[in-house]
>>> print(open('run_20.txt').read())   # compact mmCIF, N, CA and C atoms
# COMPACT_ATOMS: atom_id res chain seq x y z
N MET A 1221 -91.12 25.98 -107.76
CA MET A 1221 -92.46 26.39 -108.11
C MET A 1221 -92.76 26.10 -109.59
N ALA A 1222 -91.77 26.30 -110.44
CA ALA A 1222 -91.97 26.08 -111.87
C ALA A 1222 -92.27 24.62 -112.16
N ALA A 1223 -91.57 23.69 -111.51
CA ALA A 1223 -91.82 22.26 -111.72
C ALA A 1223 -93.22 21.90 -111.24
N LYS A 1224 -93.65 22.52 -110.15
CA LYS A 1224 -94.99 22.26 -109.62
C LYS A 1224 -96.06 22.76 -110.61
N LEU A 1225 -95.86 23.95 -111.16
CA LEU A 1225 -96.78 24.47 -112.16
C LEU A 1225 -96.83 23.57 -113.40
N ALA A 1226 -95.68 23.07 -113.82
CA ALA A 1226 -95.63 22.17 -114.98
C ALA A 1226 -96.43 20.90 -114.70
N GLY A 1227 -96.33 20.37 -113.49
CA GLY A 1227 -97.12 19.20 -113.11
C GLY A 1227 -98.60 19.50 -113.10
N GLU A 1228 -98.96 20.69 -112.64
CA GLU A 1228 -100.36 21.09 -112.62
C GLU A 1228 -100.91 21.22 -114.04
N ILE A 1229 -100.12 21.76 -114.95
CA ILE A 1229 -100.53 21.88 -116.34
C ILE A 1229 -100.80 20.49 -116.93
N THR A 1230 -99.93 19.55 -116.63
CA THR A 1230 -100.11 18.17 -117.10
C THR A 1230 -101.45 17.62 -116.62
N ASP A 1231 -101.74 17.79 -115.34
CA ASP A 1231 -103.00 17.30 -114.78
C ASP A 1231 -104.20 17.97 -115.45
N LEU A 1232 -104.13 19.28 -115.64
CA LEU A 1232 -105.25 19.99 -116.27
C LEU A 1232 -105.50 19.50 -117.68
N ILE A 1233 -104.44 19.25 -118.43
CA ILE A 1233 -104.59 18.73 -119.79
C ILE A 1233 -105.18 17.33 -119.76
N ASP A 1234 -104.70 16.50 -118.84
CA ASP A 1234 -105.21 15.14 -118.71
C ASP A 1234 -106.71 15.13 -118.38
N PHE A 1235 -107.16 16.13 -117.60
CA PHE A 1235 -108.56 16.20 -117.20
C PHE A 1235 -109.42 17.02 -118.17
N GLY A 1236 -108.81 17.48 -119.27
CA GLY A 1236 -109.57 18.22 -120.27
C GLY A 1236 -109.90 19.65 -119.88
N LYS A 1237 -109.19 20.20 -118.94
CA LYS A 1237 -109.43 21.57 -118.47
C LYS A 1237 -108.53 22.53 -119.26
N HIS A 1238 -108.84 22.70 -120.53
CA HIS A 1238 -107.95 23.41 -121.44
C HIS A 1238 -107.82 24.89 -121.11
N GLU A 1239 -108.91 25.53 -120.72
CA GLU A 1239 -108.83 26.96 -120.40
C GLU A 1239 -107.93 27.19 -119.19
N LEU A 1240 -108.07 26.37 -118.17
CA LEU A 1240 -107.21 26.48 -116.99
C LEU A 1240 -105.76 26.14 -117.34
N ALA A 1241 -105.57 25.16 -118.20
CA ALA A 1241 -104.22 24.79 -118.63
C ALA A 1241 -103.57 25.96 -119.37
N ARG A 1242 -104.34 26.65 -120.18
CA ARG A 1242 -103.81 27.81 -120.91
C ARG A 1242 -103.37 28.90 -119.94
N LEU A 1243 -104.19 29.15 -118.91
CA LEU A 1243 -103.84 30.17 -117.92
C LEU A 1243 -102.56 29.78 -117.17
N ARG A 1244 -102.45 28.52 -116.80
CA ARG A 1244 -101.25 28.06 -116.09
C ARG A 1244 -100.03 28.10 -117.00
N CYS A 1245 -100.22 27.80 -118.29
CA CYS A 1245 -99.11 27.93 -119.24
C CYS A 1245 -98.62 29.37 -119.27
N GLY A 1246 -99.57 30.31 -119.25
CA GLY A 1246 -99.20 31.72 -119.22
C GLY A 1246 -98.42 32.07 -117.96
N ASP A 1247 -98.88 31.54 -116.82
CA ASP A 1247 -98.18 31.79 -115.55
C ASP A 1247 -96.74 31.25 -115.61
N LEU A 1248 -96.61 30.02 -116.09
CA LEU A 1248 -95.28 29.41 -116.13
C LEU A 1248 -94.40 30.09 -117.18
N HIS A 1249 -94.99 30.51 -118.28
CA HIS A 1249 -94.25 31.25 -119.29
C HIS A 1249 -93.69 32.53 -118.69
N ASP A 1250 -94.53 33.25 -117.93
CA ASP A 1250 -94.07 34.49 -117.29
C ASP A 1250 -92.95 34.23 -116.29
N ARG A 1251 -93.06 33.16 -115.53
CA ARG A 1251 -91.99 32.81 -114.57
C ARG A 1251 -90.70 32.48 -115.30
N THR A 1252 -90.83 31.81 -116.43
CA THR A 1252 -89.65 31.44 -117.22
C THR A 1252 -88.95 32.69 -117.74
N VAL A 1253 -89.73 33.63 -118.26
CA VAL A 1253 -89.15 34.89 -118.74
C VAL A 1253 -88.48 35.63 -117.59
N THR A 1254 -89.10 35.62 -116.41
CA THR A 1254 -88.52 36.26 -115.24
C THR A 1254 -87.19 35.62 -114.87
N ILE A 1255 -87.14 34.30 -114.88
CA ILE A 1255 -85.89 33.58 -114.59
C ILE A 1255 -84.80 34.01 -115.57
N LEU A 1256 -85.15 34.02 -116.85
CA LEU A 1256 -84.17 34.38 -117.88
C LEU A 1256 -83.67 35.82 -117.73
N LYS A 1257 -84.55 36.73 -117.39
CA LYS A 1257 -84.15 38.14 -117.28
C LYS A 1257 -83.47 38.45 -115.94
N ARG A 1258 -84.04 37.92 -114.86
CA ARG A 1258 -83.52 38.26 -113.53
C ARG A 1258 -82.15 37.67 -113.27
N TRP A 1259 -81.95 36.42 -113.69
CA TRP A 1259 -80.69 35.74 -113.38
C TRP A 1259 -79.84 35.51 -114.63
N ASP A 1260 -80.01 36.37 -115.61
CA ASP A 1260 -79.29 36.22 -116.88
C ASP A 1260 -77.78 36.03 -116.67
N SER A 1261 -77.17 36.84 -115.84
CA SER A 1261 -75.72 36.76 -115.67
C SER A 1261 -75.31 35.57 -114.80
N ASP A 1262 -76.23 35.01 -114.04
CA ASP A 1262 -75.92 33.89 -113.16
C ASP A 1262 -76.15 32.53 -113.81
N LEU A 1263 -76.97 32.50 -114.86
CA LEU A 1263 -77.31 31.22 -115.49
C LEU A 1263 -76.19 30.75 -116.42
N SER A 1264 -75.93 29.46 -116.37
CA SER A 1264 -74.97 28.88 -117.33
C SER A 1264 -75.62 28.86 -118.71
N ILE A 1265 -74.82 28.66 -119.71
CA ILE A 1265 -75.36 28.56 -121.08
C ILE A 1265 -76.35 27.41 -121.16
N GLU A 1266 -76.04 26.30 -120.51
CA GLU A 1266 -76.94 25.14 -120.51
C GLU A 1266 -78.28 25.48 -119.85
N SER A 1267 -78.22 26.19 -118.73
CA SER A 1267 -79.46 26.58 -118.04
C SER A 1267 -80.28 27.54 -118.90
N LYS A 1268 -79.61 28.49 -119.53
CA LYS A 1268 -80.33 29.41 -120.42
C LYS A 1268 -80.99 28.65 -121.56
N ASP A 1269 -80.25 27.72 -122.15
CA ASP A 1269 -80.81 26.92 -123.25
C ASP A 1269 -82.00 26.09 -122.76
N ASN A 1270 -81.90 25.54 -121.56
CA ASN A 1270 -83.01 24.77 -121.00
C ASN A 1270 -84.24 25.65 -120.80
N CYS A 1271 -84.03 26.83 -120.24
CA CYS A 1271 -85.15 27.74 -120.01
C CYS A 1271 -85.76 28.21 -121.33
N LEU A 1272 -84.93 28.46 -122.32
CA LEU A 1272 -85.45 28.86 -123.63
C LEU A 1272 -86.23 27.72 -124.28
N ALA A 1273 -85.77 26.48 -124.08
CA ALA A 1273 -86.51 25.32 -124.61
C ALA A 1273 -87.86 25.20 -123.90
N ALA A 1274 -87.88 25.37 -122.59
CA ALA A 1274 -89.14 25.31 -121.84
C ALA A 1274 -90.08 26.42 -122.31
N LYS A 1275 -89.54 27.60 -122.52
CA LYS A 1275 -90.34 28.73 -123.00
C LYS A 1275 -90.97 28.41 -124.36
N ALA A 1276 -90.19 27.83 -125.26
CA ALA A 1276 -90.70 27.47 -126.58
C ALA A 1276 -91.80 26.41 -126.48
N HIS A 1277 -91.58 25.39 -125.65
CA HIS A 1277 -92.61 24.36 -125.44
C HIS A 1277 -93.88 24.98 -124.87
N LEU A 1278 -93.72 25.90 -123.93
CA LEU A 1278 -94.88 26.55 -123.31
C LEU A 1278 -95.66 27.38 -124.33
N GLU A 1279 -94.95 28.07 -125.21
CA GLU A 1279 -95.63 28.88 -126.23
C GLU A 1279 -96.45 27.99 -127.16
N LEU A 1280 -95.89 26.87 -127.57
CA LEU A 1280 -96.63 25.94 -128.43
C LEU A 1280 -97.80 25.32 -127.70
N LEU A 1281 -97.57 24.93 -126.46
CA LEU A 1281 -98.62 24.32 -125.66
C LEU A 1281 -99.76 25.30 -125.42
N ARG A 1282 -99.41 26.53 -125.10
CA ARG A 1282 -100.42 27.57 -124.86
C ARG A 1282 -101.25 27.81 -126.11
N THR A 1283 -100.62 27.83 -127.27
CA THR A 1283 -101.33 28.01 -128.53
C THR A 1283 -102.29 26.84 -128.77
N GLY A 1284 -101.82 25.63 -128.50
CA GLY A 1284 -102.65 24.44 -128.71
C GLY A 1284 -103.86 24.40 -127.79
N VAL A 1285 -103.66 24.69 -126.52
CA VAL A 1285 -104.80 24.63 -125.60
C VAL A 1285 -105.75 25.81 -125.82
N LEU A 1286 -105.22 26.94 -126.29
CA LEU A 1286 -106.10 28.07 -126.64
C LEU A 1286 -107.03 27.67 -127.77
N LYS A 1287 -106.48 27.02 -128.77
CA LYS A 1287 -107.30 26.57 -129.91
C LYS A 1287 -108.37 25.60 -129.44
N LEU A 1288 -108.00 24.65 -128.58
CA LEU A 1288 -108.97 23.68 -128.09
C LEU A 1288 -110.06 24.35 -127.25
N SER A 1289 -109.68 25.28 -126.39
CA SER A 1289 -110.67 25.92 -125.54
C SER A 1289 -111.56 26.87 -126.33
N THR A 1290 -110.99 27.54 -127.33
CA THR A 1290 -111.78 28.46 -128.16
C THR A 1290 -112.80 27.70 -128.99
N GLU A 1291 -112.37 26.58 -129.55
CA GLU A 1291 -113.26 25.79 -130.40
C GLU A 1291 -114.13 24.83 -129.60
N ALA A 1292 -113.87 24.73 -128.30
CA ALA A 1292 -114.62 23.83 -127.41
C ALA A 1292 -114.66 22.40 -127.95
N VAL A 1293 -113.48 21.92 -128.35
CA VAL A 1293 -113.38 20.55 -128.85
C VAL A 1293 -112.37 19.77 -128.01
N GLU A 1294 -112.49 18.47 -128.05
CA GLU A 1294 -111.54 17.60 -127.37
C GLU A 1294 -110.34 17.37 -128.28
N PRO A 1295 -109.16 17.22 -127.70
CA PRO A 1295 -107.98 16.95 -128.54
C PRO A 1295 -108.06 15.55 -129.14
N THR A 1296 -107.46 15.41 -130.31
CA THR A 1296 -107.33 14.09 -130.89
C THR A 1296 -106.32 13.31 -130.04
N PRO A 1297 -106.29 12.00 -130.14
CA PRO A 1297 -105.28 11.26 -129.39
C PRO A 1297 -103.86 11.74 -129.69
N ARG A 1298 -103.60 12.09 -130.92
CA ARG A 1298 -102.27 12.59 -131.29
C ARG A 1298 -101.98 13.93 -130.62
N GLN A 1299 -102.95 14.84 -130.64
CA GLN A 1299 -102.77 16.14 -130.00
C GLN A 1299 -102.54 15.97 -128.50
N LEU A 1300 -103.34 15.11 -127.88
CA LEU A 1300 -103.20 14.87 -126.45
C LEU A 1300 -101.81 14.32 -126.13
N SER A 1301 -101.35 13.38 -126.94
CA SER A 1301 -100.02 12.80 -126.74
C SER A 1301 -98.93 13.87 -126.89
N GLN A 1302 -99.07 14.74 -127.87
CA GLN A 1302 -98.09 15.81 -128.08
C GLN A 1302 -98.08 16.78 -126.90
N MET A 1303 -99.26 17.12 -126.40
CA MET A 1303 -99.34 18.04 -125.27
C MET A 1303 -98.75 17.40 -124.02
N GLN A 1304 -99.03 16.12 -123.79
CA GLN A 1304 -98.50 15.42 -122.63
C GLN A 1304 -96.98 15.32 -122.72
N THR A 1305 -96.46 15.06 -123.91
CA THR A 1305 -95.01 14.99 -124.11
C THR A 1305 -94.37 16.34 -123.83
N ALA A 1306 -94.98 17.41 -124.32
CA ALA A 1306 -94.45 18.76 -124.06
C ALA A 1306 -94.45 19.04 -122.56
N CYS A 1307 -95.53 18.66 -121.88
CA CYS A 1307 -95.62 18.88 -120.43
C CYS A 1307 -94.51 18.13 -119.69
N MET A 1308 -94.28 16.90 -120.09
CA MET A 1308 -93.22 16.11 -119.43
C MET A 1308 -91.86 16.76 -119.64
N LYS A 1309 -91.59 17.24 -120.87
CA LYS A 1309 -90.31 17.90 -121.15
C LYS A 1309 -90.16 19.17 -120.32
N ILE A 1310 -91.22 19.96 -120.24
CA ILE A 1310 -91.18 21.20 -119.48
C ILE A 1310 -90.91 20.90 -118.01
N LYS A 1311 -91.64 19.95 -117.46
CA LYS A 1311 -91.46 19.61 -116.05
C LYS A 1311 -90.05 19.10 -115.80
N GLU A 1312 -89.55 18.24 -116.68
CA GLU A 1312 -88.20 17.71 -116.51
C GLU A 1312 -87.16 18.84 -116.52
N ILE A 1313 -87.32 19.79 -117.41
CA ILE A 1313 -86.38 20.92 -117.48
C ILE A 1313 -86.34 21.64 -116.14
N PHE A 1314 -87.50 21.93 -115.57
CA PHE A 1314 -87.52 22.70 -114.33
C PHE A 1314 -87.08 21.87 -113.13
N VAL A 1315 -87.31 20.58 -113.14
CA VAL A 1315 -86.81 19.72 -112.06
C VAL A 1315 -85.28 19.70 -112.11
N VAL A 1316 -84.72 19.54 -113.30
CA VAL A 1316 -83.27 19.51 -113.46
C VAL A 1316 -82.66 20.85 -113.06
N GLU A 1317 -83.27 21.94 -113.49
CA GLU A 1317 -82.74 23.27 -113.16
C GLU A 1317 -82.82 23.54 -111.66
N HIS A 1318 -83.88 23.10 -111.02
CA HIS A 1318 -84.00 23.27 -109.58
C HIS A 1318 -82.91 22.47 -108.86
N ALA A 1319 -82.72 21.23 -109.28
CA ALA A 1319 -81.68 20.39 -108.67
C ALA A 1319 -80.29 21.00 -108.88
N SER A 1320 -80.05 21.54 -110.06
CA SER A 1320 -78.75 22.18 -110.33
C SER A 1320 -78.54 23.40 -109.44
N ALA A 1321 -79.59 24.19 -109.24
CA ALA A 1321 -79.48 25.37 -108.37
C ALA A 1321 -79.22 24.95 -106.93
N MET A 1322 -79.89 23.92 -106.47
CA MET A 1322 -79.67 23.42 -105.11
C MET A 1322 -78.24 22.91 -104.94
N LYS A 1323 -77.73 22.23 -105.96
CA LYS A 1323 -76.36 21.71 -105.91
C LYS A 1323 -75.37 22.86 -105.83
N ARG A 1324 -75.58 23.91 -106.64
CA ARG A 1324 -74.68 25.07 -106.60
C ARG A 1324 -74.71 25.73 -105.23
N ASP A 1325 -75.91 25.83 -104.65
CA ASP A 1325 -76.02 26.40 -103.29
C ASP A 1325 -75.28 25.56 -102.28
N ASP A 1326 -75.44 24.25 -102.36
CA ASP A 1326 -74.74 23.35 -101.45
C ASP A 1326 -73.22 23.49 -101.57
N GLU A 1327 -72.75 23.56 -102.82
CA GLU A 1327 -71.31 23.70 -103.05
C GLU A 1327 -70.80 25.03 -102.53
N ALA A 1328 -71.60 26.09 -102.68
CA ALA A 1328 -71.18 27.41 -102.19
C ALA A 1328 -71.11 27.43 -100.67
N LYS A 1329 -72.03 26.74 -100.02
CA LYS A 1329 -72.04 26.68 -98.55
C LYS A 1329 -70.86 25.86 -98.01
N ASN A 1330 -70.45 24.85 -98.75
CA ASN A 1330 -69.36 23.96 -98.31
C ASN A 1330 -67.98 24.48 -98.73
N ALA A 1331 -67.95 25.55 -99.48
CA ALA A 1331 -66.65 26.07 -99.96
C ALA A 1331 -65.98 26.95 -98.93
>>> encode(input="run_20.txt", output="structure tokens")
Amino acid sequence: MAAKLAGEITDLIDFGKHELARLRCGDLHDRTVTILKRWDSDLSIESKDNCLAAKAHLELLRTGVLKLSTEAVEPTPRQLSQMQTACMKIKEIFVVEHASAMKRDDEAKNA
């Protein structure tokens, strides 16, 4: 679900829907915090670091889109590029974490 939300945020930013992107950033931020708190003892150090990196990217992204939606302005090409890069990193983190969780489940079932 987190990777899907990250993809949705990317689309919203690409379409200039900054207020909706900010709301989705908040949703994904909350899910990230839930992952970190709920599965704290189950997450590897690498997974925790990945989730913390995604959380940091989301906080910056949320701040950026809030500013754009509050001021009702379009992002500069540089801002848009930075937001798109952050979105790609966030999505990649959650895709990798999902694949890692699926692999662990597969290994546990085959053990």
>>> atom_distance(input="run_20.txt", atom1="atom CA of A:Glu1266", atom2="atom CA of A:Leu1232")
29.1 Å
>>> select_by_dssp(input="run_20.txt", residues="stretch 1238-1301 of chain A", states="helix (DSSP H, G or I)", output="PyMOL selection string")
chain A and resi 1238-1258+1265-1291+1297-1301
>>> closest_residue(input="run_20.txt", among="A:Arg1298, A:Lys1323, A:Arg1251, A:Lys1268", to="A:Ala1222", atoms="only N, CA and C atoms")
A:Arg1251
>>> residues_around(input="run_20.txt", residues="A:Ile1310", least_positions_apart="2", cutoff="8 Å", atoms="only N, CA and C atoms", output="PyMOL selection string")
chain A and resi 1222-1223+1225-1227+1273-1275+1277-1278+1304-1308+1312-1316
>>> closest_residue(input="run_20.txt", among="A:Leu1263, A:Met1221, A:Leu1256, A:Ile1229", to="A:Arg1324", atoms="only C-alpha atoms")
A:Leu1263
>>> atom_distance(input="run_20.txt", atom1="atom N of A:Arg1242", atom2="atom C of A:Asp1260")
28.4 Å
>>> atom_distance(input="run_20.txt", atom1="atom CA of A:Thr1290", atom2="atom N of A:Leu1240")
10.9 Å
>>> residues_near_point(input="run_20.txt", point="(-110.1, 18.3, -122.5)", cutoff="7 Å", atoms="all atoms listed in the file", output="list in words")
Leu1232, Ile1233, Asp1234, Phe1235, Gly1236, Lys1237, His1238, Val1293, Glu1294 and Pro1295 of chain A
>>> residues_around(input="run_20.txt", residues="A:Val1285", least_positions_apart="2", cutoff="7 Å", atoms="all atoms listed in the file", output="PDB file with N, CA and C atoms, keeping the file's coordinate frame")
ATOM      1  N   HIS A1238    -108.840  22.700-120.530  1.00  0.00           N
ATOM      2  CA  HIS A1238    -107.950  23.410-121.440  1.00  0.00           C
ATOM      3  C   HIS A1238    -107.820  24.890-121.110  1.00  0.00           C
ATOM      4  N   GLU A1239    -108.910  25.530-120.720  1.00  0.00           N
ATOM      5  CA  GLU A1239    -108.830  26.960-120.400  1.00  0.00           C
ATOM      6  C   GLU A1239    -107.930  27.190-119.190  1.00  0.00           C
ATOM      7  N   ALA A1241    -105.570  25.160-118.200  1.00  0.00           N
ATOM      8  CA  ALA A1241    -104.220  24.790-118.630  1.00  0.00           C
ATOM      9  C   ALA A1241    -103.570  25.960-119.370  1.00  0.00           C
ATOM     10  N   ARG A1242    -104.340  26.650-120.180  1.00  0.00           N
ATOM     11  CA  ARG A1242    -103.810  27.810-120.910  1.00  0.00           C
ATOM     12  C   ARG A1242    -103.370  28.900-119.940  1.00  0.00           C
ATOM     13  N   LEU A1280     -95.890  26.870-127.570  1.00  0.00           N
ATOM     14  CA  LEU A1280     -96.630  25.940-128.430  1.00  0.00           C
ATOM     15  C   LEU A1280     -97.800  25.320-127.700  1.00  0.00           C
ATOM     16  N   LEU A1281     -97.570  24.930-126.460  1.00  0.00           N
ATOM     17  CA  LEU A1281     -98.620  24.320-125.660  1.00  0.00           C
ATOM     18  C   LEU A1281     -99.760  25.300-125.420  1.00  0.00           C
ATOM     19  N   ARG A1282     -99.410  26.530-125.100  1.00  0.00           N
ATOM     20  CA  ARG A1282    -100.420  27.570-124.860  1.00  0.00           C
ATOM     21  C   ARG A1282    -101.250  27.810-126.110  1.00  0.00           C
ATOM     22  N   THR A1283    -100.620  27.830-127.270  1.00  0.00           N
ATOM     23  CA  THR A1283    -101.330  28.010-128.530  1.00  0.00           C
ATOM     24  C   THR A1283    -102.290  26.840-128.770  1.00  0.00           C
ATOM     25  N   LYS A1287    -106.480  27.020-128.770  1.00  0.00           N
ATOM     26  CA  LYS A1287    -107.300  26.570-129.910  1.00  0.00           C
ATOM     27  C   LYS A1287    -108.370  25.600-129.440  1.00  0.00           C
ATOM     28  N   LEU A1288    -108.000  24.650-128.580  1.00  0.00           N
ATOM     29  CA  LEU A1288    -108.970  23.680-128.090  1.00  0.00           C
ATOM     30  C   LEU A1288    -110.060  24.350-127.250  1.00  0.00           C
ATOM     31  N   SER A1289    -109.680  25.280-126.390  1.00  0.00           N
ATOM     32  CA  SER A1289    -110.670  25.920-125.540  1.00  0.00           C
ATOM     33  C   SER A1289    -111.560  26.870-126.330  1.00  0.00           C
ATOM     34  N   THR A1290    -110.990  27.540-127.330  1.00  0.00           N
ATOM     35  CA  THR A1290    -111.780  28.460-128.160  1.00  0.00           C
ATOM     36  C   THR A1290    -112.800  27.700-128.990  1.00  0.00           C
TER      37      THR A1290
END
>>> closest_residue(input="run_20.txt", among="A:Glu1279, A:Glu1317, A:Glu1291, A:Asp1231", to="A:Ile1255", atoms="only C-alpha atoms")
A:Glu1317
